[in-house]
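**Student:** Below is the file my_file27.cif, with mmCIF, C-alpha atoms.
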```cif
data_input
loop_
_atom_site.group_PDB
_atom_site.id
_atom_site.type_symbol
_atom_site.label_atom_id
_atom_site.label_comp_id
_atom_site.auth_asym_id
_atom_site.auth_seq_id
_atom_site.Cartn_x
_atom_site.Cartn_y
_atom_site.Cartn_z
ATOM 1 C CA MET A 1 -3.993 8.102 -6.598
ATOM 2 C CA THR A 2 -2.943 4.560 -7.362
ATOM 3 C CA HIS A 3 -2.269 3.334 -10.820
ATOM 4 C CA SER A 4 -1.875 0.369 -13.114
ATOM 5 C CA THR A 5 -3.054 -2.997 -11.967
ATOM 6 C CA SER A 6 -1.070 -4.061 -15.035
ATOM 7 C CA GLU A 7 -0.450 -7.835 -15.322
ATOM 8 C CA ALA A 8 -2.229 -8.382 -12.042
ATOM 9 C CA SER A 9 -5.468 -6.850 -13.287
ATOM 10 C CA ALA A 10 -5.342 -9.119 -16.293
ATOM 11 C CA GLN A 11 -5.199 -12.149 -14.000
ATOM 12 C CA ALA A 12 -7.764 -11.028 -11.437
ATOM 13 C CA PRO A 13 -11.551 -10.974 -11.949
ATOM 14 C CA VAL A 14 -12.476 -7.886 -12.956
ATOM 15 C CA ALA A 15 -18.996 1.655 7.822
ATOM 16 C CA SER A 16 -18.107 4.101 10.042
ATOM 17 C CA ALA A 17 -15.494 2.932 12.579
ATOM 18 C CA GLN A 18 -15.055 3.989 16.178
ATOM 19 C CA ALA A 19 -11.790 3.607 18.090
ATOM 20 C CA PRO A 20 -12.099 0.904 20.765
ATOM 21 C CA GLU A 21 -11.378 1.598 24.370
ATOM 22 C CA ALA A 22 -7.949 0.636 25.635
ATOM 23 C CA SER A 23 -7.961 -2.650 27.528
ATOM 24 C CA SER A 24 -6.881 -2.493 31.147
ATOM 25 C CA GLN A 25 -5.034 -5.802 31.228
ATOM 26 C CA ALA A 26 -2.842 -7.682 28.794
ATOM 27 C CA PRO A 27 -4.252 -11.167 28.064
ATOM 28 C CA ALA A 28 -2.350 -14.203 29.221
ATOM 29 C CA ALA A 29 0.032 -15.454 26.533
ATOM 30 C CA ASN A 30 -1.101 -19.073 26.998
ATOM 31 C CA ASN A 31 -4.782 -18.194 26.665
ATOM 32 C CA ALA A 32 -4.918 -15.976 23.589
ATOM 33 C CA PRO A 33 -8.393 -14.533 22.999
ATOM 34 C CA ALA A 34 -10.182 -14.510 19.681
ATOM 35 C CA PRO A 35 -9.449 -11.341 17.688
ATOM 36 C CA GLU A 36 -11.841 -8.450 18.178
ATOM 37 C CA SER A 37 -13.518 -7.282 14.978
ATOM 38 C CA TRP A 38 -13.162 -3.501 14.797
ATOM 39 C CA ILE A 39 -14.264 -3.230 11.151
ATOM 40 C CA GLY A 40 -16.051 -6.393 10.128
ATOM 41 C CA GLU A 41 -17.217 -5.693 6.579
ATOM 42 C CA GLY A 42 -16.475 -3.564 3.561
ATOM 43 C CA PRO A 43 -13.380 -3.000 1.371
ATOM 44 C CA VAL A 44 -11.085 -2.907 4.427
ATOM 45 C CA LEU A 45 -11.292 -5.166 7.489
ATOM 46 C CA LEU A 46 -9.661 -4.455 10.859
ATOM 47 C CA ASP A 47 -9.183 -6.940 13.701
ATOM 48 C CA TYR A 48 -7.291 -6.649 16.987
ATOM 49 C CA ALA A 49 -5.649 -9.127 19.357
ATOM 50 C CA GLU A 50 -2.824 -8.805 21.888
ATOM 51 C CA GLY A 51 -1.286 -5.563 20.675
ATOM 52 C CA VAL A 52 -1.597 -6.352 16.973
ATOM 53 C CA ALA A 53 -4.187 -4.763 14.676
ATOM 54 C CA THR A 54 -4.609 -6.692 11.416
ATOM 55 C CA LEU A 55 -5.757 -4.579 8.463
ATOM 56 C CA THR A 56 -6.913 -6.566 5.443
ATOM 57 C CA LEU A 57 -7.540 -5.055 2.016
ATOM 58 C CA ASN A 58 -10.806 -6.762 1.086
ATOM 59 C CA ARG A 59 -11.572 -6.539 -2.630
ATOM 60 C CA PRO A 60 -10.205 -9.965 -3.606
ATOM 61 C CA GLY A 61 -12.299 -10.207 -6.785
ATOM 62 C CA SER A 62 -10.513 -7.115 -8.123
ATOM 63 C CA ALA A 63 -7.030 -8.060 -6.879
ATOM 64 C CA ASN A 64 -7.602 -5.487 -4.114
ATOM 65 C CA GLY A 65 -7.450 -2.778 -6.742
ATOM 66 C CA MET A 66 -7.877 0.597 -5.088
ATOM 67 C CA ASN A 67 -11.124 2.300 -5.969
ATOM 68 C CA ILE A 68 -12.208 5.398 -4.095
ATOM 69 C CA GLU A 69 -14.249 3.427 -1.532
ATOM 70 C CA LEU A 70 -11.238 1.291 -0.601
ATOM 71 C CA MET A 71 -8.974 4.337 -0.266
ATOM 72 C CA GLN A 72 -11.483 6.104 1.976
ATOM 73 C CA ALA A 73 -11.880 2.961 4.088
ATOM 74 C CA LEU A 74 -8.118 2.498 4.297
ATOM 75 C CA TYR A 75 -7.641 5.980 5.711
ATOM 76 C CA ARG A 76 -10.466 5.505 8.234
ATOM 77 C CA ALA A 77 -9.003 2.187 9.399
ATOM 78 C CA ILE A 78 -5.526 3.663 9.879
ATOM 79 C CA MET A 79 -7.057 6.481 11.918
ATOM 80 C CA VAL A 80 -8.833 3.924 14.132
ATOM 81 C CA VAL A 81 -5.396 2.463 14.854
ATOM 82 C CA HIS A 82 -4.000 5.945 15.558
ATOM 83 C CA ARG A 83 -6.672 6.390 18.250
ATOM 84 C CA ALA A 84 -6.144 2.972 19.859
ATOM 85 C CA PRO A 85 -3.329 3.200 22.430
ATOM 86 C CA ASP A 86 -2.974 -0.556 22.915
ATOM 87 C CA VAL A 87 -1.927 -1.188 19.292
ATOM 88 C CA ARG A 88 1.808 -1.772 19.014
ATOM 89 C CA VAL A 89 1.876 -3.316 15.542
ATOM 90 C CA LEU A 90 -0.244 -2.875 12.433
ATOM 91 C CA HIS A 91 -0.206 -6.067 10.349
ATOM 92 C CA LEU A 92 -1.163 -5.121 6.780
ATOM 93 C CA ARG A 93 -2.264 -7.796 4.307
ATOM 94 C CA GLY A 94 -4.537 -8.458 1.332
ATOM 95 C CA ALA A 95 -7.388 -10.931 0.867
ATOM 96 C CA GLY A 96 -7.437 -13.283 -2.099
ATOM 97 C CA ALA A 97 -4.686 -14.032 -4.601
ATOM 98 C CA ASN A 98 -2.906 -10.657 -4.519
ATOM 99 C CA PHE A 99 -1.763 -8.139 -1.937
ATOM 100 C CA CYS A 100 -2.789 -5.134 -4.037
ATOM 101 C CA ALA A 101 -2.632 -4.792 -7.818
ATOM 102 C CA GLY A 102 -2.669 -0.976 -7.798
ATOM 103 C CA GLY A 103 -5.422 1.387 -8.814
ATOM 104 C CA ASP A 104 -8.767 0.169 -10.096
ATOM 105 C CA VAL A 105 -8.115 0.806 -13.790
ATOM 106 C CA ARG A 106 -11.716 0.117 -14.772
ATOM 107 C CA GLU A 107 -12.998 2.802 -12.429
ATOM 108 C CA PHE A 108 -10.342 5.242 -13.643
ATOM 109 C CA ALA A 109 -10.991 4.506 -17.327
ATOM 110 C CA SER A 110 -14.738 5.004 -16.867
ATOM 111 C CA LYS A 111 -14.136 8.686 -16.054
ATOM 112 C CA GLY A 112 -12.936 9.477 -19.582
ATOM 113 C CA GLU A 113 -11.835 13.094 -19.976
ATOM 114 C CA ALA A 114 -12.989 13.813 -16.413
ATOM 115 C CA LEU A 115 -10.278 11.503 -15.070
ATOM 116 C CA GLY A 116 -8.040 14.375 -13.945
ATOM 117 C CA ASP A 117 -10.733 15.959 -11.790
ATOM 118 C CA PHE A 118 -11.620 12.571 -10.319
ATOM 119 C CA LEU A 119 -8.000 11.780 -9.502
ATOM 120 C CA ARG A 120 -7.571 14.982 -7.534
ATOM 121 C CA GLU A 121 -9.964 13.521 -4.980
ATOM 122 C CA VAL A 122 -8.547 10.000 -5.215
ATOM 123 C CA THR A 123 -4.965 11.212 -4.785
ATOM 124 C CA ALA A 124 -5.929 13.212 -1.706
ATOM 125 C CA TYR A 125 -7.204 10.071 0.043
ATOM 126 C CA LEU A 126 -4.085 8.103 -0.860
ATOM 127 C CA GLN A 127 -1.830 10.915 0.349
ATOM 128 C CA VAL A 128 -3.440 11.176 3.761
ATOM 129 C CA ALA A 129 -3.475 7.377 4.134
ATOM 130 C CA ILE A 130 0.240 7.100 3.345
ATOM 131 C CA GLY A 131 1.071 10.028 5.627
ATOM 132 C CA ALA A 132 -0.971 8.475 8.425
ATOM 133 C CA LEU A 133 0.740 5.107 7.930
ATOM 134 C CA ILE A 134 4.207 6.654 8.134
ATOM 135 C CA ARG A 135 3.284 8.690 11.231
ATOM 136 C CA LEU A 136 1.667 5.740 12.987
ATOM 137 C CA LYS A 137 3.380 4.974 16.302
ATOM 138 C CA ALA A 138 2.783 1.275 15.752
ATOM 139 C CA VAL A 139 5.312 -0.676 13.691
ATOM 140 C CA VAL A 140 3.811 -1.543 10.289
ATOM 141 C CA VAL A 141 4.481 -5.167 9.285
ATOM 142 C CA THR A 142 3.254 -5.868 5.761
ATOM 143 C CA GLU A 143 2.600 -9.345 4.374
ATOM 144 C CA VAL A 144 2.861 -9.574 0.571
ATOM 145 C CA HIS A 145 1.665 -12.339 -1.734
ATOM 146 C CA GLY A 146 0.838 -12.222 -5.430
ATOM 147 C CA TYR A 147 1.159 -8.771 -6.971
ATOM 148 C CA ALA A 148 2.118 -5.538 -5.214
ATOM 149 C CA ALA A 149 1.723 -3.024 -8.038
ATOM 150 C CA GLY A 150 1.294 0.705 -8.566
ATOM 151 C CA GLY A 151 0.798 3.320 -5.880
ATOM 152 C CA GLY A 152 -1.626 1.059 -4.051
ATOM 153 C CA GLY A 153 0.577 -2.028 -3.913
ATOM 154 C CA LEU A 154 4.190 -0.959 -4.286
ATOM 155 C CA GLY A 155 3.383 2.338 -2.548
ATOM 156 C CA LEU A 156 2.102 0.591 0.581
ATOM 157 C CA VAL A 157 5.136 -1.697 0.560
ATOM 158 C CA CYS A 158 7.443 1.322 0.421
ATOM 159 C CA ALA A 159 5.554 3.030 3.272
ATOM 160 C CA SER A 160 5.830 -0.006 5.577
ATOM 161 C CA ASP A 161 8.439 -0.535 8.281
ATOM 162 C CA VAL A 162 8.898 -4.294 7.835
ATOM 163 C CA VAL A 163 7.889 -6.297 4.753
ATOM 164 C CA ILE A 164 7.639 -10.099 4.641
ATOM 165 C CA ALA A 165 6.926 -11.494 1.159
ATOM 166 C CA GLY A 166 6.122 -14.934 -0.123
ATOM 167 C CA SER A 167 8.519 -16.395 -2.676
ATOM 168 C CA GLY A 168 5.896 -15.991 -5.395
ATOM 169 C CA ALA A 169 5.313 -12.277 -4.766
ATOM 170 C CA LYS A 170 5.843 -9.816 -7.624
ATOM 171 C CA PHE A 171 6.504 -6.087 -7.418
ATOM 172 C CA LEU A 172 5.697 -3.629 -10.198
ATOM 173 C CA ALA A 173 5.827 0.176 -10.369
ATOM 174 C CA GLY A 174 3.339 0.335 -13.240
ATOM 175 C CA ALA A 175 2.752 4.100 -13.406
ATOM 176 C CA THR A 176 4.384 5.020 -16.694
ATOM 177 C CA ARG A 177 2.775 2.021 -18.359
ATOM 178 C CA VAL A 178 -0.547 3.852 -18.074
ATOM 179 C CA GLY A 179 0.897 7.271 -18.908
ATOM 180 C CA MET A 180 1.110 8.431 -15.290
ATOM 181 C CA ALA A 181 3.782 9.037 -12.634
ATOM 182 C CA PRO A 182 4.665 7.327 -9.329
ATOM 183 C CA ASP A 183 2.738 8.298 -6.214
ATOM 184 C CA ALA A 184 2.127 7.260 -2.592
ATOM 185 C CA GLY A 185 5.560 8.678 -1.742
ATOM 186 C CA SER A 186 7.282 5.949 -3.759
ATOM 187 C CA SER A 187 9.301 8.437 -5.831
ATOM 188 C CA VAL A 188 11.079 9.391 -2.589
ATOM 189 C CA ILE A 189 11.085 6.140 -0.623
ATOM 190 C CA LEU A 190 12.077 3.640 -3.349
ATOM 191 C CA PRO A 191 15.409 5.366 -4.178
ATOM 192 C CA HIS A 192 16.290 5.346 -0.471
ATOM 193 C CA LEU A 193 15.500 1.629 -0.255
ATOM 194 C CA VAL A 194 17.228 0.355 -3.395
ATOM 195 C CA GLY A 195 19.396 3.239 -4.644
ATOM 196 C CA PHE A 196 18.714 5.853 -7.311
ATOM 197 C CA ARG A 197 19.888 3.892 -10.378
ATOM 198 C CA ARG A 198 17.940 0.772 -9.508
ATOM 199 C CA ALA A 199 14.824 2.766 -8.546
ATOM 200 C CA ALA A 200 14.969 4.669 -11.846
ATOM 201 C CA GLU A 201 15.229 1.427 -13.800
ATOM 202 C CA ILE A 202 12.343 -0.200 -11.898
ATOM 203 C CA MET A 203 10.052 2.823 -12.325
ATOM 204 C CA LEU A 204 10.939 3.715 -15.918
ATOM 205 C CA SER A 205 10.929 0.184 -17.327
ATOM 206 C CA ASN A 206 7.965 -1.174 -15.322
ATOM 207 C CA ARG A 207 9.598 -4.570 -15.189
ATOM 208 C CA ILE A 208 8.503 -7.095 -12.594
ATOM 209 C CA VAL A 209 10.759 -7.564 -9.572
ATOM 210 C CA ASP A 210 10.397 -11.006 -8.024
ATOM 211 C CA ALA A 211 10.579 -11.652 -4.291
ATOM 212 C CA ALA A 212 14.136 -12.994 -4.296
ATOM 213 C CA GLU A 213 15.436 -9.889 -6.074
ATOM 214 C CA ALA A 214 13.286 -7.644 -3.874
ATOM 215 C CA GLN A 215 15.055 -9.045 -0.818
ATOM 216 C CA ALA A 216 18.490 -8.801 -2.425
ATOM 217 C CA ILE A 217 18.080 -5.100 -3.301
ATOM 218 C CA GLY A 218 16.441 -4.078 -0.026
ATOM 219 C CA LEU A 219 12.902 -3.494 -1.260
ATOM 220 C CA ILE A 220 11.577 -5.994 1.279
ATOM 221 C CA THR A 221 12.829 -7.231 4.634
ATOM 222 C CA ARG A 222 12.595 -10.963 4.035
ATOM 223 C CA CYS A 223 11.414 -13.511 1.477
ATOM 224 C CA VAL A 224 9.893 -16.748 2.805
ATOM 225 C CA PRO A 225 8.196 -19.767 1.214
ATOM 226 C CA ASP A 226 4.627 -18.988 0.170
ATOM 227 C CA ASP A 227 3.173 -21.633 2.471
ATOM 228 C CA ALA A 228 4.994 -20.099 5.451
ATOM 229 C CA LEU A 229 4.120 -16.468 4.674
ATOM 230 C CA GLN A 230 1.166 -15.931 7.004
ATOM 231 C CA ALA A 231 2.900 -17.646 9.933
ATOM 232 C CA GLU A 232 6.113 -15.664 9.402
ATOM 233 C CA ALA A 233 4.254 -12.361 9.146
ATOM 234 C CA LYS A 234 2.363 -13.099 12.377
ATOM 235 C CA LYS A 235 5.626 -14.107 14.042
ATOM 236 C CA ALA A 236 7.206 -10.794 13.033
ATOM 237 C CA ALA A 237 4.154 -8.880 14.284
ATOM 238 C CA ARG A 238 4.361 -10.621 17.670
ATOM 239 C CA LEU A 239 8.095 -9.895 17.886
ATOM 240 C CA TYR A 240 7.632 -6.144 17.467
ATOM 241 C CA ALA A 241 4.535 -6.141 19.676
ATOM 242 C CA SER A 242 6.683 -7.522 22.513
ATOM 243 C CA GLY A 243 9.233 -4.706 22.213
ATOM 244 C CA ALA A 244 9.438 -1.420 24.107
ATOM 245 C CA PRO A 245 6.599 0.567 22.478
ATOM 246 C CA LEU A 246 7.872 4.073 23.247
ATOM 247 C CA ALA A 247 11.374 3.270 22.024
ATOM 248 C CA LEU A 248 10.127 1.592 18.857
ATOM 249 C CA ALA A 249 7.781 4.491 18.084
ATOM 250 C CA ALA A 250 10.573 7.025 18.615
ATOM 251 C CA THR A 251 12.991 5.061 16.444
ATOM 252 C CA LYS A 252 10.411 4.747 13.691
ATOM 253 C CA ARG A 253 9.754 8.503 13.828
ATOM 254 C CA LEU A 254 13.466 9.314 13.506
ATOM 255 C CA LEU A 255 13.899 6.969 10.545
ATOM 256 C CA TRP A 256 10.941 8.390 8.620
ATOM 257 C CA ASN A 257 11.777 11.995 9.481
ATOM 258 C CA ALA A 258 15.102 11.538 7.708
ATOM 259 C CA LEU A 259 13.283 10.774 4.441
ATOM 260 C CA ASP A 260 10.884 13.737 4.607
ATOM 261 C CA VAL A 261 8.367 11.814 2.507
ATOM 262 C CA GLU A 262 5.395 14.062 3.198
ATOM 263 C CA ARG A 263 7.092 17.026 1.536
ATOM 264 C CA ALA A 264 7.059 15.100 -1.754
ATOM 265 C CA LEU A 265 3.415 14.004 -1.623
ATOM 266 C CA PRO A 266 1.853 17.266 -2.955
ATOM 267 C CA GLU A 267 4.230 17.339 -5.945
ATOM 268 C CA GLU A 268 3.471 13.706 -6.737
ATOM 269 C CA ALA A 269 -0.263 14.412 -6.564
ATOM 270 C CA ARG A 270 0.002 17.499 -8.791
ATOM 271 C CA THR A 271 2.016 15.562 -11.386
ATOM 272 C CA VAL A 272 -0.376 12.611 -11.447
ATOM 273 C CA SER A 273 -3.364 14.949 -11.808
ATOM 274 C CA GLU A 274 -1.753 16.799 -14.721
ATOM 275 C CA LEU A 275 -0.822 13.594 -16.544
ATOM 276 C CA SER A 276 -4.283 12.113 -16.060
ATOM 277 C CA PHE A 277 -5.726 14.813 -18.350
ATOM 278 C CA THR A 278 -3.604 13.533 -21.262
ATOM 279 C CA ALA A 279 -4.620 11.262 -24.101
ATOM 280 C CA ASP A 280 -1.686 9.008 -23.241
ATOM 281 C CA SER A 281 -3.111 8.255 -19.790
ATOM 282 C CA ARG A 282 -6.474 7.270 -21.276
ATOM 283 C CA GLU A 283 -4.687 5.121 -23.857
ATOM 284 C CA GLY A 284 -2.630 3.430 -21.137
ATOM 285 C CA LEU A 285 -5.705 2.547 -19.109
ATOM 286 C CA ALA A 286 -7.524 1.252 -22.195
ATOM 287 C CA ALA A 287 -4.508 -0.881 -23.107
ATOM 288 C CA VAL A 288 -4.368 -2.511 -19.668
ATOM 289 C CA ILE A 289 -8.086 -3.285 -19.781
ATOM 290 C CA GLY A 290 -7.788 -4.565 -23.347
ATOM 291 C CA LYS A 291 -4.666 -6.598 -22.508
ATOM 292 C CA ARG A 292 -2.691 -5.023 -25.343
ATOM 293 C CA LYS A 293 0.402 -2.894 -25.795
ATOM 294 C CA PRO A 294 -0.335 0.856 -25.509
ATOM 295 C CA VAL A 295 0.423 3.282 -28.338
ATOM 296 C CA PHE A 296 1.548 6.566 -26.828
ATOM 297 C CA THR A 297 1.560 9.765 -28.875
ATOM 298 C CA GLY A 298 2.874 12.304 -26.371
ATOM 299 C CA ARG A 299 -0.439 14.121 -26.098
#
```
Have the structure of the file written as structure tokens, please.
**Tutor:**
Amino acid sequence: MTHSTSEASAQAPVASAQAPEASSQAPAANNAPAPESWIGEGPVLLDYAEGVATLTLNRPGSANGMNIELMQALYRAIMVVHRAPDVRVLHLRGAGANFCAGGDVREFASKGEALGDFLREVTAYLQVAIGALIRLKAVVVTEVHGYAAGGGGLGLVCASDVVIAGSGAKFLAGATRVGMAPDAGSSVILPHLVGFRRAAEIMLSNRIVDAAEAQAIGLITRCVPDDALQAEAKKAARLYASGAPLALAATKRLLWNALDVERALPEEARTVSELSFTADSREGLAAVIGKRKPVFTGR
């Protein structure tokens, strides 16, 4: 599951897809066609042009907070890309003011004492989406603006191959703030990216990491001015799309195999489910919604 929209949630207002057929000819570079709409409506959009599939998280009014519909749609969209042999790059982005502010805390809080049972299902969708993203042959280039928080935001950043962030982007683990634990493979990937000590501090303190620091510690690939973000992300996507696809896919597979992320996903899911039955998790969610400091009792 994803968790804690945190500060981002306080600032944000609270289709079945078929794989396209592979094209027989590459379009001329000087006559770029309009993107094809593979998924044109719903909580996730998917477009394709010239080797690049653009996946847009599309709940801007909720800071792209991950409810169960978005997580289901995310997995379906990634699987469309898996089945499309012409895709060399997946360009991942978010609509609106934020990339993804984490889990939809209002939906989670509405489940009350049934939250744990609900999160078993939610976590399963997030797990398979993250696993599918990591195993995707296409290079994943993620464009980050605003908040990237919780398993939905920071988790997707961690599971990406290349991350370009605007200078105003903010990164937040968020899990323990709502009485839960990290998920989306972030408990394994983040320490490999930034080192154990720094990962522990980021996850245990829930402090915000700005884009400049994120670049300095290796959380992201590059920080660029906010007004240049979209152009730089598209430039990076085109760069990888022009590379040798078999070699890039093989290199990506070797890099991710070394981390063995998928082995950690079931333990993360079990831990999150157990914690979601606690009074502290319900208090944490209520505190985020109420924009107040939580009072944890260890129950």
**Student:** For this file, the PyMOL selection byres ((chain A and resi 239-245) around 10) selects which residues, as a list in words?
**Tutor:**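 Applied to this file, the PyMOL selection byres ((chain A and resi 239-245) around 10) returns Glu50, Gly51, Val52, Asp86, Val87, Arg88, Val89, Leu90, Lys137, Ala138, Val139, Val140, Val141, Val162, Ala233, Lys234, Lys235, Ala236, Ala237, Arg238, Leu246, Ala247, Leu248, Ala249, Ala250 and Thr251 of chain A.
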**Student:** Tell me which residues the PyMOL selection byres ((chain A and resi 284) around 7) grabs here, as a ChimeraX atom specification.
**Tutor:** /A:177-179,280-283,285-288,294
**Student:** Compile the contact shell of Arg135 in chain A as a ChimeraX atom specification: residues with an atom at most 12 Å away, counting all atoms listed in the file, same-chain residues fewer than 2 positions apart removed.
**Tutor:** /A:78-79,81-82,128-133,137-140,159-161,249-257,260-262
**Student:** Take the PyMOL selection byres ((chain A and resi 65) around 8), apply it to the structure above, and return the hits as JSON, numbers by chain.
**Tutor:** {"A": [5, 9, 59, 62, 63, 64, 66, 67, 100, 101, 102, 103, 104, 105, 152]}
**Student:** Need the shell around Lys170 in chain A: protein/DNA/RNA residues with any atom at most 8 Å away, counting all atoms listed in the file. Skip same-chain ones fewer than 3 positions apart. Format as an NGL selection string?
**Tutor:** :A and (145-149 or 208-211)
**Student:** Using all atoms listed in the file, pick whichever of A:Glu232, A:Glu41, A:Glu121, A:Asp226 has the shortest atom-to-atom distance to Gln72 in chain A.
**Tutor:** A:Glu121
**Student:** Hey, which of A:Asn98, A:Thr56, A:Thr176, A:Thr271 ends up closest to Arg207 in chain A? Count all atoms listed in the file.
**Tutor:**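 Of A:Asn98, A:Thr56, A:Thr176, A:Thr271, the one nearest Arg207 in chain A is A:Thr176, counting all atoms listed in the file.
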